[in-house]
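These notes concern the structure reproduced below.
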Amino acid sequence: MSHLENLLNDLVIANRILAHEDVVDAYGHVSVRHPERPDRFFLARSLAPELVTRDDIVELTLDGKPVKEEKRALYLERFIHGGIFEARPDVMAVVHAHAEDILPFGIASATPLRPVIHSGSFLGAHVPIWDIADKFGDTNMLVANVEQGQDLAKCLGERNVVLMRGHGFSAAARSIIEVVRMSVFLPRNARALLRAKQLGGQIKYLSQGEIDARNRGYGPYSPETWRAWEYWANKAGVGKLVTRPESPKT
């Protein structure tokens, strides 16, 4: 199997994992950049992630146009992915989802979303919130064109996660395995913070030193990351699709 086919295989796995872990439901999507054409990326057609197969994957340009003639419906918010890939050459995979546990943090300003558990260190000390109304006024809240996708990517900046007011989140990472890990642990960190607030008292967030120490240990094929990928894939019923590169990079 070629490197590209392996990557598209991983994209199918990623869709199934995110669905099984309740990060996405009928809505939400995950993409991966073309390994040889950085001006292109792969994303499923408009379909619930739990149902995605290899035949559902579509190759797109950064402005959201299919490379080949495509009569099937596409995700309206494919411009999120294109905008982030265009702005961030280092990013190889993107997730957009509406996980309920993170939604309050994009609405209420009193408690910012910050890492409180070790597996939430990828959030960094600050998570930006993008409000589509700031630049585009009253809309249907969906990222429906190139300009909106570019504005969202600008708010994300060099960070891993951006919240979208009243909508969800977008996450960007160096690999598809890494962006899945972040997207699974993001709601878990949010739940821990919400429950800690209910208990009362001062919240102790991860320090910058702890964040840096945790993040140094992660890589797309580090033992910690790979163990989670295999585990989630098996839970989602696609463990047999998992393949590991002969010389994994950590």
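The way I read the labels, and the way they are meant: chains A, B, ... in the order of the structure tokens, residue 1 as the first residue of every chain, and ligand 1 as the first ligand shown, with later ones counted on from there.
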
**Message:** List the spatial neighbours of Asp212 (chain A) as a list in words - criterion: any atom at most 9 Å away, only C-alpha atoms, same-chain residues fewer than 6 positions off excluded.
**Reply:** Ser121, Phe122 and Gly124 of chain A

Please produce, as a tab-separated table, a per-residue contact table for region 128-165 of chain A versus region 82-87 of chain A (criterion: any atom at most 7 Å away, only C-alpha atoms considered), showing the nearest atom pair and its distance in Å to one decimal, sorted by chain then residue number.
```
residue	atom	partner	partner_atom	distance
A:Val146	CA	A:Gly83	CA	6.8
A:Gly149	CA	A:Gly83	CA	4.6
A:Gln150	CA	A:Gly83	CA	4.5
A:Ala153	CA	A:Ile84	CA	4.9
```

**Item:** Among listed residues A:Val94, A:Leu8, A:Ala236, A:Ala110, nearest Glu77 (chain A) (using only C-alpha atoms)
**Value:**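 For Glu77 (chain A), the nearest of the candidates is A:Val94.
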
**Request:** From region 47-242 of chain A, collect each residue whose DSSP state is alpha helix (DSSP H) and return the set as JSON, numbers by chain.
**Result:** {"A": [78, 79, 80, 81, 82, 83, 84, 85, 86, 87, 133, 134, 135, 136, 146, 147, 148, 149, 150, 151, 152, 153, 154, 155, 156, 176, 177, 178, 179, 180, 181, 182, 183, 184, 185, 186, 187, 188, 189, 190, 191, 192, 193, 194, 195, 196, 197, 198, 199, 208, 209, 210, 211, 212, 213, 214, 215, 216, 223, 224, 225, 226, 227, 228, 229, 230, 231, 232, 233, 234, 235]}

I want to know what sits within 8 Å of Val238 (chain A), based on only C-alpha atoms, with residues of the same chain fewer than 5 positions away left out; could you give that as a short mmCIF file (atom, residue, chain, number, x, y, z; two decimals) with N, CA, C and O atoms, in the first residue's frame?
```cif
data_model
loop_
_atom_site.label_atom_id
_atom_site.label_comp_id
_atom_site.auth_asym_id
_atom_site.auth_seq_id
_atom_site.Cartn_x
_atom_site.Cartn_y
_atom_site.Cartn_z
N ILE A 13 -10.34 5.65 9.18
CA ILE A 13 -10.25 5.28 10.60
C ILE A 13 -10.57 6.48 11.48
O ILE A 13 -11.31 6.37 12.47
N ARG A 16 -14.25 7.15 11.81
CA ARG A 16 -14.93 6.17 12.65
C ARG A 16 -14.62 6.39 14.14
O ARG A 16 -15.50 6.27 14.99
N ALA A 233 -9.32 2.75 17.49
CA ALA A 233 -9.70 2.10 16.23
C ALA A 233 -10.39 0.76 16.50
O ALA A 233 -11.39 0.42 15.86
#
```

Which residues of region 79-132 of chain A come within 9 Å of region 178-197 of chain A, and for each one, what is the closest pair of atoms and their distance in Å to one decimal, counting only C-alpha atoms, sorted by chain and residue number, as CSV?
```
residue,atom,partner,partner_atom,distance
A:Met92,CA,A:Val179,CA,8.9
A:Ala93,CA,A:Val179,CA,6.3
A:Val94,CA,A:Val179,CA,6.5
A:Val95,CA,A:Val179,CA,6.8
A:His96,CA,A:Ser183,CA,8.8
A:Ala97,CA,A:Ser183,CA,8.4
A:Ala99,CA,A:Pro187,CA,6.6
A:Glu100,CA,A:Pro187,CA,7.8
A:Asp101,CA,A:Pro187,CA,5.4
A:Ile102,CA,A:Ala190,CA,5.7
A:Phe105,CA,A:Ala190,CA,8.2
A:Thr111,CA,A:Lys197,CA,8.9
A:Leu113,CA,A:Ala190,CA,6.9
A:Arg114,CA,A:Asn189,CA,8.2
A:Pro115,CA,A:Asn189,CA,6.5
A:Val116,CA,A:Asn189,CA,6.5
A:Ile117,CA,A:Asn189,CA,6.1
A:His118,CA,A:Asn189,CA,8.8
A:Ser119,CA,A:Phe185,CA,6.5
A:Gly120,CA,A:Asn189,CA,5.7
A:Phe122,CA,A:Met182,CA,7.0
A:Leu123,CA,A:Leu186,CA,7.9
```

Given the selection you just returned, output its residues as a file containing N, CA and C atoms, formatted as a PDB file, in the first residue's frame.
```
ATOM      1  N   MET A  92      -1.141  19.240   8.906  1.00  0.00           N
ATOM      2  CA  MET A  92      -1.408  18.138   7.983  1.00  0.00           C
ATOM      3  C   MET A  92      -2.810  17.554   8.140  1.00  0.00           C
ATOM      4  N   ALA A  93      -3.521  17.929   9.215  1.00  0.00           N
ATOM      5  CA  ALA A  93      -4.861  17.392   9.426  1.00  0.00           C
ATOM      6  C   ALA A  93      -5.693  18.364  10.248  1.00  0.00           C
ATOM      7  N   VAL A  94      -6.988  18.390   9.957  1.00  0.00           N
ATOM      8  CA  VAL A  94      -7.918  19.326  10.606  1.00  0.00           C
ATOM      9  C   VAL A  94      -9.191  18.587  10.994  1.00  0.00           C
ATOM     10  N   VAL A  95      -9.746  18.938  12.147  1.00  0.00           N
ATOM     11  CA  VAL A  95     -11.046  18.433  12.591  1.00  0.00           C
ATOM     12  C   VAL A  95     -11.951  19.620  12.896  1.00  0.00           C
ATOM     13  N   HIS A  96     -13.201  19.518  12.480  1.00  0.00           N
ATOM     14  CA  HIS A  96     -14.234  20.459  12.915  1.00  0.00           C
ATOM     15  C   HIS A  96     -15.373  19.649  13.500  1.00  0.00           C
ATOM     16  N   ALA A  97     -15.830  20.028  14.696  1.00  0.00           N
ATOM     17  CA  ALA A  97     -16.886  19.270  15.367  1.00  0.00           C
ATOM     18  C   ALA A  97     -17.667  20.171  16.304  1.00  0.00           C
ATOM     19  N   ALA A  99     -18.795  19.116  19.565  1.00  0.00           N
ATOM     20  CA  ALA A  99     -18.877  18.402  20.842  1.00  0.00           C
ATOM     21  C   ALA A  99     -19.508  19.292  21.925  1.00  0.00           C
ATOM     22  N   GLU A 100     -20.579  18.814  22.531  1.00  0.00           N
ATOM     23  CA  GLU A 100     -21.382  19.653  23.421  1.00  0.00           C
ATOM     24  C   GLU A 100     -20.619  20.179  24.628  1.00  0.00           C
ATOM     25  N   ASP A 101     -19.681  19.412  25.133  1.00  0.00           N
ATOM     26  CA  ASP A 101     -18.988  19.822  26.353  1.00  0.00           C
ATOM     27  C   ASP A 101     -18.132  21.066  26.176  1.00  0.00           C
ATOM     28  N   ILE A 102     -17.741  21.374  24.952  1.00  0.00           N
ATOM     29  CA  ILE A 102     -16.906  22.558  24.746  1.00  0.00           C
ATOM     30  C   ILE A 102     -17.750  23.794  24.434  1.00  0.00           C
ATOM     31  N   PHE A 105     -17.891  27.101  26.640  1.00  0.00           N
ATOM     32  CA  PHE A 105     -16.680  27.918  26.731  1.00  0.00           C
ATOM     33  C   PHE A 105     -16.538  28.890  25.559  1.00  0.00           C
ATOM     34  N   THR A 111     -15.287  31.917  32.399  1.00  0.00           N
ATOM     35  CA  THR A 111     -14.367  30.801  32.607  1.00  0.00           C
ATOM     36  C   THR A 111     -13.757  30.401  31.271  1.00  0.00           C
ATOM     37  N   LEU A 113     -11.523  28.310  28.551  1.00  0.00           N
ATOM     38  CA  LEU A 113     -11.119  26.911  28.395  1.00  0.00           C
ATOM     39  C   LEU A 113      -9.601  26.842  28.425  1.00  0.00           C
ATOM     40  N   ARG A 114      -9.081  26.206  29.463  1.00  0.00           N
ATOM     41  CA  ARG A 114      -7.638  26.030  29.616  1.00  0.00           C
ATOM     42  C   ARG A 114      -7.374  24.603  30.071  1.00  0.00           C
ATOM     43  N   PRO A 115      -6.159  24.090  29.907  1.00  0.00           N
ATOM     44  CA  PRO A 115      -5.884  22.708  30.309  1.00  0.00           C
ATOM     45  C   PRO A 115      -5.880  22.529  31.823  1.00  0.00           C
ATOM     46  N   VAL A 116      -6.653  21.543  32.279  1.00  0.00           N
ATOM     47  CA  VAL A 116      -6.679  21.203  33.702  1.00  0.00           C
ATOM     48  C   VAL A 116      -6.287  19.754  33.928  1.00  0.00           C
ATOM     49  N   ILE A 117      -6.269  18.947  32.864  1.00  0.00           N
ATOM     50  CA  ILE A 117      -5.821  17.558  32.966  1.00  0.00           C
ATOM     51  C   ILE A 117      -4.603  17.378  32.061  1.00  0.00           C
ATOM     52  N   HIS A 118      -3.765  16.409  32.391  1.00  0.00           N
ATOM     53  CA  HIS A 118      -2.489  16.269  31.679  1.00  0.00           C
ATOM     54  C   HIS A 118      -2.679  16.047  30.187  1.00  0.00           C
ATOM     55  N   SER A 119      -3.732  15.310  29.804  1.00  0.00           N
ATOM     56  CA  SER A 119      -3.956  15.021  28.395  1.00  0.00           C
ATOM     57  C   SER A 119      -4.573  16.198  27.645  1.00  0.00           C
ATOM     58  N   GLY A 120      -4.810  17.296  28.338  1.00  0.00           N
ATOM     59  CA  GLY A 120      -5.308  18.500  27.692  1.00  0.00           C
ATOM     60  C   GLY A 120      -4.236  19.541  27.450  1.00  0.00           C
ATOM     61  N   PHE A 122      -2.233  20.099  25.111  1.00  0.00           N
ATOM     62  CA  PHE A 122      -2.137  20.635  23.747  1.00  0.00           C
ATOM     63  C   PHE A 122      -2.911  21.940  23.591  1.00  0.00           C
ATOM     64  N   LEU A 123      -3.827  22.226  24.523  1.00  0.00           N
ATOM     65  CA  LEU A 123      -4.616  23.453  24.438  1.00  0.00           C
ATOM     66  C   LEU A 123      -3.754  24.701  24.616  1.00  0.00           C
TER      67      LEU A 123
END
```

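Atom to atom, CA of Leu103 (chain A) and CA of Asp63 (chain A) stand 27.4 Å apart.
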
**Message:** Taking only C-alpha atoms into account, name the residue in A:Arg159, A:Lys71, A:His20, A:Arg33 that is nearest to Ala172 (chain A).
**Reply:**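 Looking at the shortest contact to Ala172 (chain A), the residue is A:Arg159.
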
**Request:** Extract the full set of strand (DSSP E) residues from region 59-237 of chain A according to DSSP on the backbone, and format it as a PyMOL selection string.
**Result:** chain A and resi 59-61+93-97+129-130+161-164+168-173

**Prompt:** Please, what distance in Å, to one decimal, runs between CA of Val23 (chain A) and CA of Asn9 (chain A)?
**Reply:**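 About the pair CA of Val23 (chain A) and CA of Asn9 (chain A): they are 19.5 Å apart.
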
**Message:** Measuring between only C-alpha atoms, which one of A:Arg165, A:Asn160, A:Ala125, A:Leu74 shows the shortest distance to Ala108 (chain A)?
**Reply:**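 Using only C-alpha atoms, Ala108 (chain A) sits closest to A:Arg165.
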
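Of the residues listed (A:Ile132, A:Val58, A:Val91, A:Met164), A:Val58 shows the shortest atom-to-atom separation from Tyr75 (chain A); distances use only C-alpha atoms.
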
**Message:** Just want the 8 Å neighbourhood of Leu11 (chain A), counted on only C-alpha atoms, with same-chain residues fewer than 5 positions away dropped. Output as a list of chain:residue names.
**Reply:**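 What passes the distance filter is A:Val30, A:Ser31, A:Val32, A:Ile176.
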
Go ahead and write the residues just picked, N, CA, C and O atoms, as a PDB file, in the first residue's frame.
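Listing of again36.pdb after writing:
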```pdb
ATOM      1  N   VAL A  30     -13.343  15.503   9.363  1.00  0.00           N
ATOM      2  CA  VAL A  30     -11.896  15.458   9.529  1.00  0.00           C
ATOM      3  C   VAL A  30     -11.259  15.386   8.151  1.00  0.00           C
ATOM      4  O   VAL A  30     -11.777  14.713   7.251  1.00  0.00           O
ATOM      5  N   SER A  31     -10.146  16.085   7.984  1.00  0.00           N
ATOM      6  CA  SER A  31      -9.461  16.126   6.689  1.00  0.00           C
ATOM      7  C   SER A  31      -7.974  15.869   6.859  1.00  0.00           C
ATOM      8  O   SER A  31      -7.436  15.951   7.967  1.00  0.00           O
ATOM      9  N   VAL A  32      -7.297  15.592   5.744  1.00  0.00           N
ATOM     10  CA  VAL A  32      -5.853  15.409   5.746  1.00  0.00           C
ATOM     11  C   VAL A  32      -5.278  16.052   4.483  1.00  0.00           C
ATOM     12  O   VAL A  32      -5.884  15.986   3.408  1.00  0.00           O
ATOM     13  N   ILE A 176      -2.801  13.202  11.165  1.00  0.00           N
ATOM     14  CA  ILE A 176      -4.187  12.834  11.402  1.00  0.00           C
ATOM     15  C   ILE A 176      -4.349  12.117  12.736  1.00  0.00           C
ATOM     16  O   ILE A 176      -5.359  12.279  13.426  1.00  0.00           O
TER      17      ILE A 176
END
```

**Request:** Do a neighbour search on Leu7 (chain A) at 12 Å with only C-alpha atoms, toss out local chain neighbours closer than 2 positions, and write the hits as number ranges by chain.
**Result:** A: 1-5, 9-14, 31-36, 41-43, 54, 57, 92-93, 175-177, 241-245

**Prompt:** Out of A:Leu76, A:Asp39, A:Asn145, A:His167, which residue has the shortest atom-to-atom distance to Trp130 (chain A) when counting only C-alpha atoms?
**Reply:** A:His167

**Asked** Separation of CA of Glu69 (chain A) and CA of Pro38 (chain A), in Å?
**Response**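 About the pair CA of Glu69 (chain A) and CA of Pro38 (chain A): they are 20.1 Å apart.
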